[in-house]
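Data file: coords05.cif. Format and content: mmCIF, C-alpha atoms and all ligand atoms.
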```
data_entry
loop_
_atom_site.group_PDB
_atom_site.id
_atom_site.type_symbol
_atom_site.label_atom_id
_atom_site.label_comp_id
_atom_site.auth_asym_id
_atom_site.auth_seq_id
_atom_site.Cartn_x
_atom_site.Cartn_y
_atom_site.Cartn_z
ATOM 1 C CA MET A 1 -27.284 -2.205 -9.397
ATOM 2 C CA PRO A 2 -23.559 -2.265 -8.519
ATOM 3 C CA LEU A 3 -21.397 -4.655 -10.533
ATOM 4 C CA PRO A 4 -21.121 -8.033 -8.749
ATOM 5 C CA LYS A 5 -17.538 -8.507 -7.609
ATOM 6 C CA ALA A 6 -15.249 -10.394 -5.231
ATOM 7 C CA GLU A 7 -13.124 -8.499 -2.733
ATOM 8 C CA LEU A 8 -9.708 -10.146 -2.387
ATOM 9 C CA HIS A 9 -7.719 -7.540 -0.472
ATOM 10 C CA LEU A 10 -9.449 -6.410 2.682
ATOM 11 C CA HIS A 11 -7.990 -6.185 6.187
ATOM 12 C CA ILE A 12 -10.863 -6.638 8.608
ATOM 13 C CA GLU A 13 -9.118 -4.417 11.169
ATOM 14 C CA GLY A 14 -9.040 -1.733 8.462
ATOM 15 C CA THR A 15 -12.841 -1.606 8.427
ATOM 16 C CA LEU A 16 -12.968 -0.016 11.889
ATOM 17 C CA GLU A 17 -14.940 3.179 11.234
ATOM 18 C CA PRO A 18 -14.422 6.048 13.721
ATOM 19 C CA GLU A 19 -18.004 5.650 15.028
ATOM 20 C CA THR A 20 -17.412 1.948 15.686
ATOM 21 C CA ALA A 21 -14.055 2.693 17.309
ATOM 22 C CA PHE A 22 -15.754 5.041 19.795
ATOM 23 C CA ALA A 23 -18.662 2.640 20.390
ATOM 24 C CA LEU A 24 -16.306 -0.268 21.113
ATOM 25 C CA ALA A 25 -14.078 1.957 23.259
ATOM 26 C CA ALA A 26 -17.113 2.855 25.398
ATOM 27 C CA ARG A 27 -18.229 -0.795 25.585
ATOM 28 C CA ASN A 28 -14.769 -1.930 26.708
ATOM 29 C CA GLY A 29 -13.822 1.005 28.956
ATOM 30 C CA VAL A 30 -10.990 2.113 26.667
ATOM 31 C CA THR A 31 -10.096 5.808 26.472
ATOM 32 C CA LEU A 32 -9.136 6.939 22.987
ATOM 33 C CA PRO A 33 -6.722 9.877 22.689
ATOM 34 C CA TYR A 34 -9.182 11.766 20.426
ATOM 35 C CA ALA A 35 -12.009 14.070 21.534
ATOM 36 C CA ASP A 36 -14.532 12.710 19.031
ATOM 37 C CA THR A 37 -14.958 11.039 15.650
ATOM 38 C CA ASP A 38 -14.116 14.260 13.788
ATOM 39 C CA ALA A 39 -10.831 14.566 15.668
ATOM 40 C CA LEU A 40 -10.068 10.928 14.881
ATOM 41 C CA ARG A 41 -10.855 11.464 11.185
ATOM 42 C CA GLU A 42 -8.414 14.369 11.221
ATOM 43 C CA ALA A 43 -5.692 11.877 12.150
ATOM 44 C CA TYR A 44 -6.321 9.995 8.880
ATOM 45 C CA ARG A 45 -3.785 12.103 6.999
ATOM 46 C CA PHE A 46 -1.044 9.690 6.212
ATOM 47 C CA THR A 47 2.347 10.374 4.707
ATOM 48 C CA ASP A 48 3.251 6.770 3.954
ATOM 49 C CA LEU A 49 2.462 3.169 4.902
ATOM 50 C CA GLN A 50 4.139 3.374 8.328
ATOM 51 C CA SER A 51 2.201 6.499 9.375
ATOM 52 C CA PHE A 52 -1.011 4.600 8.618
ATOM 53 C CA LEU A 53 0.144 1.409 10.351
ATOM 54 C CA ASP A 54 0.892 3.355 13.554
ATOM 55 C CA LEU A 55 -2.752 4.446 13.839
ATOM 56 C CA TYR A 56 -4.129 1.137 12.527
ATOM 57 C CA TYR A 57 -2.364 -0.865 15.263
ATOM 58 C CA ALA A 58 -3.128 1.689 17.998
ATOM 59 C CA LEU A 59 -6.882 1.715 17.292
ATOM 60 C CA MET A 60 -7.069 -2.091 17.449
ATOM 61 C CA ASP A 61 -6.939 -1.633 21.208
ATOM 62 C CA VAL A 62 -10.748 -1.263 21.186
ATOM 63 C CA LEU A 63 -11.168 -4.816 19.818
ATOM 64 C CA ARG A 64 -11.302 -7.079 22.856
ATOM 65 C CA THR A 65 -14.091 -9.664 22.742
ATOM 66 C CA GLU A 66 -15.547 -12.176 20.298
ATOM 67 C CA GLN A 67 -18.561 -9.909 19.960
ATOM 68 C CA ASP A 68 -16.327 -6.974 18.988
ATOM 69 C CA PHE A 69 -14.838 -8.989 16.129
ATOM 70 C CA ALA A 70 -18.286 -10.286 15.144
ATOM 71 C CA ASP A 71 -19.754 -6.767 15.056
ATOM 72 C CA LEU A 72 -16.781 -5.451 13.078
ATOM 73 C CA ALA A 73 -17.086 -8.186 10.448
ATOM 74 C CA ASP A 74 -20.870 -7.967 10.256
ATOM 75 C CA ALA A 75 -20.732 -4.207 9.639
ATOM 76 C CA TYR A 76 -18.142 -4.732 6.876
ATOM 77 C CA LEU A 77 -20.190 -7.468 5.199
ATOM 78 C CA ALA A 78 -23.327 -5.302 5.181
ATOM 79 C CA ARG A 79 -21.439 -2.417 3.550
ATOM 80 C CA ALA A 80 -19.655 -4.686 1.095
ATOM 81 C CA ALA A 81 -22.929 -6.365 0.054
ATOM 82 C CA ALA A 82 -24.502 -2.957 -0.599
ATOM 83 C CA GLN A 83 -21.632 -2.225 -3.002
ATOM 84 C CA GLY A 84 -21.983 -5.441 -4.997
ATOM 85 C CA VAL A 85 -19.476 -7.680 -3.198
ATOM 86 C CA ARG A 86 -20.636 -11.308 -3.493
ATOM 87 C CA HIS A 87 -17.491 -12.984 -2.160
ATOM 88 C CA ALA A 88 -14.886 -11.632 0.285
ATOM 89 C CA GLU A 89 -11.488 -13.080 1.178
ATOM 90 C CA ILE A 90 -10.753 -11.368 4.454
ATOM 91 C CA PHE A 91 -7.301 -10.754 5.947
ATOM 92 C CA PHE A 92 -6.735 -10.635 9.680
ATOM 93 C CA ASP A 93 -3.583 -9.876 11.707
ATOM 94 C CA PRO A 94 -3.417 -12.324 14.643
ATOM 95 C CA GLN A 95 -0.017 -11.149 15.898
ATOM 96 C CA ALA A 96 -1.372 -7.648 16.441
ATOM 97 C CA HIS A 97 -4.031 -9.119 18.738
ATOM 98 C CA LEU A 98 -1.885 -11.748 20.474
ATOM 99 C CA LYS A 99 0.576 -9.000 21.395
ATOM 100 C CA ARG A 100 -2.247 -7.200 23.243
ATOM 101 C CA GLY A 101 -3.296 -10.334 25.093
ATOM 102 C CA VAL A 102 -6.273 -11.129 22.843
ATOM 103 C CA GLU A 103 -6.282 -14.857 22.077
ATOM 104 C CA LEU A 104 -6.434 -16.240 18.568
ATOM 105 C CA GLY A 105 -9.633 -18.118 19.468
ATOM 106 C CA THR A 106 -11.336 -14.840 20.414
ATOM 107 C CA VAL A 107 -10.457 -13.373 17.020
ATOM 108 C CA VAL A 108 -11.337 -16.373 14.851
ATOM 109 C CA GLU A 109 -14.495 -17.398 16.744
ATOM 110 C CA GLY A 110 -15.646 -13.782 16.804
ATOM 111 C CA LEU A 111 -15.082 -13.256 13.089
ATOM 112 C CA TRP A 112 -16.737 -16.591 12.416
ATOM 113 C CA ARG A 113 -19.949 -15.515 14.179
ATOM 114 C CA ALA A 114 -20.393 -13.027 11.344
ATOM 115 C CA LEU A 115 -18.754 -14.988 8.514
ATOM 116 C CA GLY A 116 -20.654 -18.188 9.278
ATOM 117 C CA ARG A 117 -23.969 -16.366 8.709
ATOM 118 C CA SER A 118 -22.819 -14.052 5.953
ATOM 119 C CA GLU A 119 -24.288 -15.977 3.028
ATOM 120 C CA GLN A 120 -27.736 -16.020 4.664
ATOM 121 C CA ASN A 121 -27.565 -12.494 6.109
ATOM 122 C CA HIS A 122 -25.770 -10.616 3.359
ATOM 123 C CA GLY A 123 -25.493 -12.879 0.317
ATOM 124 C CA VAL A 124 -21.689 -12.743 0.599
ATOM 125 C CA SER A 125 -19.569 -15.902 0.733
ATOM 126 C CA THR A 126 -16.391 -15.476 2.750
ATOM 127 C CA GLN A 127 -12.966 -16.887 3.450
ATOM 128 C CA LEU A 128 -10.337 -15.988 6.018
ATOM 129 C CA ILE A 129 -6.660 -15.366 5.261
ATOM 130 C CA LEU A 130 -4.287 -15.223 8.221
ATOM 131 C CA CYS A 131 -1.579 -12.620 7.651
ATOM 132 C CA PHE A 132 1.879 -12.620 9.177
ATOM 133 C CA LEU A 133 3.346 -9.243 10.130
ATOM 134 C CA ARG A 134 6.555 -8.946 8.114
ATOM 135 C CA ASP A 135 8.093 -6.485 10.600
ATOM 136 C CA GLU A 136 7.903 -9.209 13.271
ATOM 137 C CA SER A 137 10.337 -12.131 13.329
ATOM 138 C CA ALA A 138 10.124 -15.270 11.239
ATOM 139 C CA ASP A 139 9.905 -17.210 14.523
ATOM 140 C CA SER A 140 6.902 -15.226 15.636
ATOM 141 C CA ALA A 141 5.200 -16.036 12.314
ATOM 142 C CA LEU A 142 5.899 -19.747 12.815
ATOM 143 C CA ARG A 143 4.544 -19.649 16.364
ATOM 144 C CA THR A 144 1.428 -17.916 15.069
ATOM 145 C CA LEU A 145 0.856 -20.583 12.433
ATOM 146 C CA ARG A 146 1.206 -23.292 15.089
ATOM 147 C CA ALA A 147 -1.216 -21.440 17.369
ATOM 148 C CA ALA A 148 -3.730 -21.292 14.495
ATOM 149 C CA GLU A 149 -3.781 -25.051 13.921
ATOM 150 C CA PRO A 150 -7.000 -25.641 15.929
ATOM 151 C CA TRP A 151 -8.828 -23.230 13.582
ATOM 152 C CA LEU A 152 -7.428 -24.326 10.238
ATOM 153 C CA ASP A 153 -10.848 -25.562 9.101
ATOM 154 C CA ARG A 154 -11.855 -21.890 9.101
ATOM 155 C CA ILE A 155 -8.744 -20.497 7.444
ATOM 156 C CA THR A 156 -8.209 -20.721 3.691
ATOM 157 C CA GLY A 157 -4.767 -19.261 3.393
ATOM 158 C CA VAL A 158 -1.904 -17.175 4.686
ATOM 159 C CA GLY A 159 -0.697 -13.723 3.665
ATOM 160 C CA LEU A 160 2.094 -11.301 4.475
ATOM 161 C CA ASP A 161 1.485 -7.658 5.388
ATOM 162 C CA SER A 162 2.654 -4.650 7.459
ATOM 163 C CA ALA A 163 5.814 -2.548 6.863
ATOM 164 C CA GLU A 164 7.300 -3.827 3.615
ATOM 165 C CA VAL A 165 10.638 -2.107 2.987
ATOM 166 C CA GLY A 166 13.502 -3.929 4.718
ATOM 167 C CA HIS A 167 11.388 -7.070 5.247
ATOM 168 C CA PRO A 168 11.793 -9.113 2.064
ATOM 169 C CA PRO A 169 9.551 -12.122 1.451
ATOM 170 C CA ALA A 170 12.455 -14.582 1.777
ATOM 171 C CA LYS A 171 12.499 -13.900 5.535
ATOM 172 C CA PHE A 172 9.286 -15.992 5.672
ATOM 173 C CA ARG A 173 10.390 -18.938 3.527
ATOM 174 C CA GLU A 174 9.959 -21.494 6.320
ATOM 175 C CA VAL A 175 6.510 -20.450 7.540
ATOM 176 C CA PHE A 176 5.120 -20.308 3.995
ATOM 177 C CA ARG A 177 6.542 -23.802 3.361
ATOM 178 C CA ALA A 178 4.834 -25.002 6.557
ATOM 179 C CA ALA A 179 1.572 -23.322 5.494
ATOM 180 C CA ALA A 180 1.720 -25.036 2.089
ATOM 181 C CA ASP A 181 2.284 -28.372 3.840
ATOM 182 C CA LEU A 182 -0.919 -27.717 5.814
ATOM 183 C CA GLY A 183 -2.823 -27.233 2.555
ATOM 184 C CA LEU A 184 -3.172 -23.462 2.933
ATOM 185 C CA ARG A 185 -3.315 -21.069 -0.037
ATOM 186 C CA ARG A 186 -0.627 -18.359 -0.159
ATOM 187 C CA VAL A 187 -0.646 -14.638 -0.985
ATOM 188 C CA ALA A 188 1.669 -11.764 -0.034
ATOM 189 C CA HIS A 189 1.774 -7.983 -0.162
ATOM 190 C CA ALA A 190 4.651 -7.072 -2.470
ATOM 191 C CA GLY A 191 5.581 -4.076 -4.577
ATOM 192 C CA GLU A 192 3.386 -1.675 -2.580
ATOM 193 C CA GLU A 193 6.313 0.368 -1.208
ATOM 194 C CA GLY A 194 8.916 -2.346 -1.714
ATOM 195 C CA PRO A 195 10.908 -2.953 -4.909
ATOM 196 C CA PRO A 196 9.891 -5.196 -7.839
ATOM 197 C CA GLN A 197 12.366 -7.864 -6.628
ATOM 198 C CA TYR A 198 10.069 -8.474 -3.642
ATOM 199 C CA ILE A 199 7.342 -9.526 -6.096
ATOM 200 C CA THR A 200 9.688 -12.014 -7.755
ATOM 201 C CA GLU A 201 10.777 -13.312 -4.354
ATOM 202 C CA ALA A 202 7.186 -13.738 -3.171
ATOM 203 C CA LEU A 203 6.485 -15.869 -6.242
ATOM 204 C CA ASP A 204 9.714 -17.879 -6.270
ATOM 205 C CA VAL A 205 10.501 -18.265 -2.574
ATOM 206 C CA LEU A 206 7.048 -18.173 -0.943
ATOM 207 C CA GLY A 207 5.107 -19.757 -3.817
ATOM 208 C CA VAL A 208 2.276 -17.242 -3.629
ATOM 209 C CA GLU A 209 -0.648 -17.479 -6.050
ATOM 210 C CA ARG A 210 -1.609 -13.798 -5.964
ATOM 211 C CA ILE A 211 0.299 -10.590 -5.309
ATOM 212 C CA ASP A 212 -1.332 -7.977 -3.075
ATOM 213 C CA HIS A 213 -0.785 -4.496 -4.578
ATOM 214 C CA GLY A 214 2.122 -5.303 -6.930
ATOM 215 C CA LEU A 215 2.121 -1.765 -8.388
ATOM 216 C CA ARG A 216 5.879 -1.505 -8.585
ATOM 217 C CA CYS A 217 6.043 -4.373 -11.094
ATOM 218 C CA MET A 218 5.577 -1.581 -13.644
ATOM 219 C CA GLU A 219 9.238 -0.618 -13.076
ATOM 220 C CA ASP A 220 10.406 -3.963 -14.456
ATOM 221 C CA PRO A 221 9.170 -4.884 -17.957
ATOM 222 C CA ALA A 222 10.522 -8.446 -17.693
ATOM 223 C CA LEU A 223 8.532 -8.939 -14.478
ATOM 224 C CA VAL A 224 5.383 -7.554 -16.123
ATOM 225 C CA ASP A 225 5.882 -10.063 -18.977
ATOM 226 C CA ARG A 226 6.171 -12.868 -16.467
ATOM 227 C CA LEU A 227 3.079 -11.823 -14.477
ATOM 228 C CA VAL A 228 1.088 -11.610 -17.713
ATOM 229 C CA ARG A 229 2.388 -14.952 -19.023
ATOM 230 C CA GLU A 230 1.735 -16.782 -15.744
ATOM 231 C CA ARG A 231 -1.575 -14.938 -15.210
ATOM 232 C CA ILE A 232 -0.669 -13.987 -11.639
ATOM 233 C CA PRO A 233 -3.510 -11.850 -10.233
ATOM 234 C CA LEU A 234 -2.667 -8.502 -8.624
ATOM 235 C CA THR A 235 -5.039 -7.160 -5.955
ATOM 236 C CA VAL A 236 -4.806 -3.444 -6.641
ATOM 237 C CA CYS A 237 -6.206 -0.932 -4.116
ATOM 238 C CA PRO A 238 -6.469 2.485 -5.819
ATOM 239 C CA LEU A 239 -7.792 4.646 -2.959
ATOM 240 C CA SER A 240 -5.254 3.102 -0.576
ATOM 241 C CA ASN A 241 -2.428 3.947 -2.993
ATOM 242 C CA VAL A 242 -3.543 7.578 -3.064
ATOM 243 C CA ARG A 243 -3.910 7.910 0.726
ATOM 244 C CA LEU A 244 -0.533 6.266 1.391
ATOM 245 C CA HIS A 245 1.158 8.267 -1.375
ATOM 246 C CA THR A 246 2.239 5.194 -3.291
ATOM 247 C CA VAL A 247 0.927 7.129 -6.286
ATOM 248 C CA ALA A 248 0.995 10.930 -6.595
ATOM 249 C CA SER A 249 -2.733 11.168 -7.369
ATOM 250 C CA LEU A 250 -5.574 8.957 -8.520
ATOM 251 C CA ALA A 251 -5.339 10.524 -11.983
ATOM 252 C CA GLU A 252 -1.761 9.204 -12.194
ATOM 253 C CA HIS A 253 -2.603 5.688 -11.019
ATOM 254 C CA PRO A 254 -1.004 3.021 -13.246
ATOM 255 C CA LEU A 255 -4.149 0.836 -13.354
ATOM 256 C CA PRO A 256 -4.982 1.697 -16.997
ATOM 257 C CA ALA A 257 -1.391 0.936 -18.034
ATOM 258 C CA MET A 258 -1.488 -2.294 -16.033
ATOM 259 C CA LEU A 259 -4.672 -3.376 -17.817
ATOM 260 C CA ASP A 260 -3.217 -2.378 -21.188
ATOM 261 C CA ALA A 261 -0.146 -4.499 -20.414
ATOM 262 C CA GLY A 262 -2.448 -7.511 -19.958
ATOM 263 C CA LEU A 263 -1.974 -7.898 -16.197
ATOM 264 C CA VAL A 264 -4.742 -9.725 -14.316
ATOM 265 C CA CYS A 265 -5.761 -6.831 -12.063
ATOM 266 C CA THR A 266 -8.537 -6.717 -9.502
ATOM 267 C CA VAL A 267 -9.813 -3.654 -7.600
ATOM 268 C CA ASN A 268 -10.123 -3.794 -3.819
ATOM 269 C CA SER A 269 -10.417 -1.549 -0.777
ATOM 270 C CA ASP A 270 -7.518 -2.618 1.551
ATOM 271 C CA ASP A 271 -8.522 -0.628 4.682
ATOM 272 C CA PRO A 272 -11.751 1.098 3.638
ATOM 273 C CA ALA A 273 -12.442 2.917 6.921
ATOM 274 C CA TYR A 274 -9.085 4.675 6.634
ATOM 275 C CA PHE A 275 -8.773 5.226 2.896
ATOM 276 C CA GLY A 276 -12.125 6.703 1.957
ATOM 277 C CA GLY A 277 -14.084 3.869 0.476
ATOM 278 C CA TYR A 278 -15.257 0.291 0.111
ATOM 279 C CA ALA A 279 -14.957 -1.924 -2.986
ATOM 280 C CA GLY A 280 -17.686 -0.179 -4.980
ATOM 281 C CA ASP A 281 -16.241 3.234 -4.088
ATOM 282 C CA ASN A 282 -12.888 2.090 -5.514
ATOM 283 C CA PHE A 283 -14.616 0.955 -8.729
ATOM 284 C CA ASP A 284 -16.472 4.296 -8.963
ATOM 285 C CA ALA A 285 -13.245 6.237 -8.376
ATOM 286 C CA VAL A 286 -11.316 4.481 -11.150
ATOM 287 C CA ARG A 287 -14.264 4.836 -13.535
ATOM 288 C CA ASP A 288 -14.715 8.547 -12.807
ATOM 289 C CA THR A 289 -11.072 9.625 -12.540
ATOM 290 C CA LEU A 290 -9.217 7.204 -14.799
ATOM 291 C CA GLY A 291 -11.974 6.975 -17.387
ATOM 292 C CA LEU A 292 -12.076 3.174 -17.404
ATOM 293 C CA THR A 293 -14.643 1.850 -19.843
ATOM 294 C CA GLU A 294 -17.599 -0.347 -18.858
ATOM 295 C CA GLU A 295 -15.771 -3.220 -20.567
ATOM 296 C CA GLN A 296 -12.642 -2.624 -18.446
ATOM 297 C CA LEU A 297 -14.766 -2.475 -15.281
ATOM 298 C CA ARG A 298 -16.409 -5.774 -16.235
ATOM 299 C CA THR A 299 -12.938 -7.273 -16.821
ATOM 300 C CA LEU A 300 -11.861 -6.152 -13.337
ATOM 301 C CA ALA A 301 -14.972 -7.721 -11.808
ATOM 302 C CA ARG A 302 -14.534 -10.941 -13.799
ATOM 303 C CA ASN A 303 -10.860 -11.105 -12.782
ATOM 304 C CA SER A 304 -11.889 -10.890 -9.121
ATOM 305 C CA PHE A 305 -13.920 -14.110 -9.377
ATOM 306 C CA LEU A 306 -11.239 -15.850 -11.468
ATOM 307 C CA ALA A 307 -8.564 -14.924 -8.911
ATOM 308 C CA ALA A 308 -10.655 -15.942 -5.878
ATOM 309 C CA PHE A 309 -10.031 -19.137 -3.923
ATOM 310 C CA LEU A 310 -13.646 -20.106 -4.541
ATOM 311 C CA GLU A 311 -13.090 -23.809 -5.033
ATOM 312 C CA HIS A 312 -11.590 -24.023 -1.554
ATOM 313 C CA ASP A 313 -14.814 -24.647 0.380
ATOM 314 C CA GLU A 314 -15.915 -27.282 -2.072
ATOM 315 C CA GLU A 315 -12.558 -29.092 -1.737
ATOM 316 C CA ARG A 316 -12.767 -28.866 2.026
ATOM 317 C CA ARG A 317 -16.265 -30.342 2.121
ATOM 318 C CA GLN A 318 -14.962 -33.304 0.158
ATOM 319 C CA ARG A 319 -11.951 -33.881 2.419
HETATM 320 N N1 LIG B 401 -1.926 -3.819 6.808
HETATM 321 C C1 LIG B 401 -3.108 -3.228 6.625
HETATM 322 N N2 LIG B 401 -3.108 -2.551 5.463
HETATM 323 C C2 LIG B 401 -1.894 -2.726 4.896
HETATM 324 C C3 LIG B 401 -1.281 -2.294 3.696
HETATM 325 N N3 LIG B 401 -1.893 -1.511 2.805
HETATM 326 N N4 LIG B 401 -0.003 -2.674 3.461
HETATM 327 C C4 LIG B 401 0.640 -3.438 4.322
HETATM 328 N N5 LIG B 401 0.107 -3.875 5.463
HETATM 329 C C5 LIG B 401 -1.154 -3.530 5.747
HETATM 330 ZN ZN ZN B 402 -3.264 -4.563 2.336
#
```
Write the structure described by the file as structure tokens, please.
Amino acid sequence: MPLPKAELHLHIEGTLEPETAFALAARNGVTLPYADTDALREAYRFTDLQSFLDLYYALMDVLRTEQDFADLADAYLARAAAQGVRHAEIFFDPQAHLKRGVELGTVVEGLWRALGRSEQNHGVSTQLILCFLRDESADSALRTLRAAEPWLDRITGVGLDSAEVGHPPAKFREVFRAAADLGLRRVAHAGEEGPPQYITEALDVLGVERIDHGLRCMEDPALVDRLVRERIPLTVCPLSNVRLHTVASLAEHPLPAMLDAGLVCTVNSDDPAYFGGYAGDNFDAVRDTLGLTEEQLRTLARNSFLAAFLEHDEERRQR
């Protein structure tokens, strides 16, 4: 029986397995520039975040219809459930779809076809977090938030992702303020490739409640003290960090040091189709390679439920 856990850092577009990419390409008459799934898998050798993002955005071209998004999400939820995930807070990247002429309604309604039935079908409760692409303009983020207003009853919060370095959180001050005014929860990727100051800025300028990744906090002892004191959860993604060379190897991952420092860490999969594993695979990897104890694994799982926005649905029902 896998340990029950919540997944708090999962990009739905990052669950596009090569087989699904080819199936959707055939369904939608899209030609992929790869001979077959093996050739596509060969392309999954990344040197850094940007080299991954280039493929991640290119492959989204196969996602066209509501049914495509529904099938993608349903396949993820089935896999996640099999690995012990009981609650999933799912990121999506609307700007990447709008740019290709796919409407926000297609994305949200499609995802909702799967998410709306997930508790019955998979035993997984779900929430949606709309992410802004930090390498797009602040104006584009604001327009995206406005475009999402008809679907806010299905969206729990906003996040910030894509190429980090050179795109500090403060660039998105206004849109995060507007999101807070709409009652949305706030998270942001910070300290994945970017410096520790981006983590501080995400907390102080954007008012985020969780930091996605946050690894580079370990370079700043005063920041670690703050994160521990304020119990700010970090959604760590070990296999992602290895594949994107944010850490030299899994054996050198700072997760044990982060736990020893008292940080509220959780373990997540980020983009499991690209990085070699879903939530349970990430737990297995840190147990096997980093020698985490059963007690530490239980702490990670407990942290995931403590850090989740689980009260959100209840609040919404009462509104
Ligand atoms: N978008 C999808 N995965 C991401 C990651 N690991 N970092 C930033 N943006 C992303
Ligand atoms: Zn991510």
- Task: Enumerate residues in contact with ligand ZN 402 (chain B): an atom-to-atom distance of at most 8 Å, counting only C-alpha atoms and all ligand atoms. Format the result as a ChimeraX atom specification.
- Result: /A:9-11,161-162,189,212-213,237,270-271
- Item | Distance filter 10 Å around ligand LIG 401 (chain B), atoms: all atoms listed in the file, out as a VMD selection string | chain A and resid 9 to 14 48 to 50 52 to 53 56 to 57 91 to 93 131 to 135 160 to 164 188 to 193 212 to 213 237 240 to 241 243 to 244 246 269 to 272 274 to 275
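Taking atom CA of A:Thr299 and atom CA of A:Pro2 as the two end points, the separation is 14.4 Å.
One distance worth recording is that between atom CA of A:Thr235 and atom CA of A:Pro196, which is 15.2 Å.
The nearest approach to A:Met1 among the residues A:Leu152, A:Val124, A:Leu239, A:Ala82, with all atoms listed in the file taken into account, belongs to A:Ala82.
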- Excluding same-chain residues fewer than 6 positions from A:Asn121, what lies within 9 Å of it counting only C-alpha atoms, as a VMD selection string? chain A and resid 77 to 78 114
- Query: Which is closer to A:Leu63 than all the others in A:Ile155, A:Val102, A:Val85, A:Ala80, using only C-alpha atoms?
  - Reply: A:Val102
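The space separating atom CA of A:Ala147 from atom CA of A:Val187 comes to 19.6 Å.
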Enumerate, as a compact mmCIF listing (two decimals) with C-alpha atoms, in the coordinates of the input, the residues matched when the PyMOL selection byres (((chain A and resi 254-266) around 9) and not hetatm) is run on the file above.
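Final output, part10.txt:
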```txt
# COMPACT_ATOMS: atom_id res chain seq x y z
CA ALA A 6 -15.25 -10.39 -5.23
CA GLU A 7 -13.12 -8.50 -2.73
CA LEU A 8 -9.71 -10.15 -2.39
CA LEU A 215 2.12 -1.76 -8.39
CA MET A 218 5.58 -1.58 -13.64
CA VAL A 224 5.38 -7.55 -16.12
CA ASP A 225 5.88 -10.06 -18.98
CA LEU A 227 3.08 -11.82 -14.48
CA VAL A 228 1.09 -11.61 -17.71
CA ARG A 229 2.39 -14.95 -19.02
CA ARG A 231 -1.58 -14.94 -15.21
CA ILE A 232 -0.67 -13.99 -11.64
CA PRO A 233 -3.51 -11.85 -10.23
CA LEU A 234 -2.67 -8.50 -8.62
CA THR A 235 -5.04 -7.16 -5.96
CA VAL A 236 -4.81 -3.44 -6.64
CA CYS A 237 -6.21 -0.93 -4.12
CA PRO A 238 -6.47 2.48 -5.82
CA VAL A 247 0.93 7.13 -6.29
CA LEU A 250 -5.57 8.96 -8.52
CA ALA A 251 -5.34 10.52 -11.98
CA GLU A 252 -1.76 9.20 -12.19
CA HIS A 253 -2.60 5.69 -11.02
CA VAL A 267 -9.81 -3.65 -7.60
CA ASN A 268 -10.12 -3.79 -3.82
CA VAL A 286 -11.32 4.48 -11.15
CA LEU A 290 -9.22 7.20 -14.80
CA GLY A 291 -11.97 6.98 -17.39
CA LEU A 292 -12.08 3.17 -17.40
CA GLN A 296 -12.64 -2.62 -18.45
CA THR A 299 -12.94 -7.27 -16.82
CA LEU A 300 -11.86 -6.15 -13.34
CA ALA A 301 -14.97 -7.72 -11.81
CA ARG A 302 -14.53 -10.94 -13.80
CA ASN A 303 -10.86 -11.10 -12.78
CA SER A 304 -11.89 -10.89 -9.12
CA ALA A 307 -8.56 -14.92 -8.91
```
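Candidate residues A:Gly194, A:Pro221, A:Gly159, A:Pro33 were compared for distance to A:Ala21, and the nearest is A:Pro33, using all atoms listed in the file.
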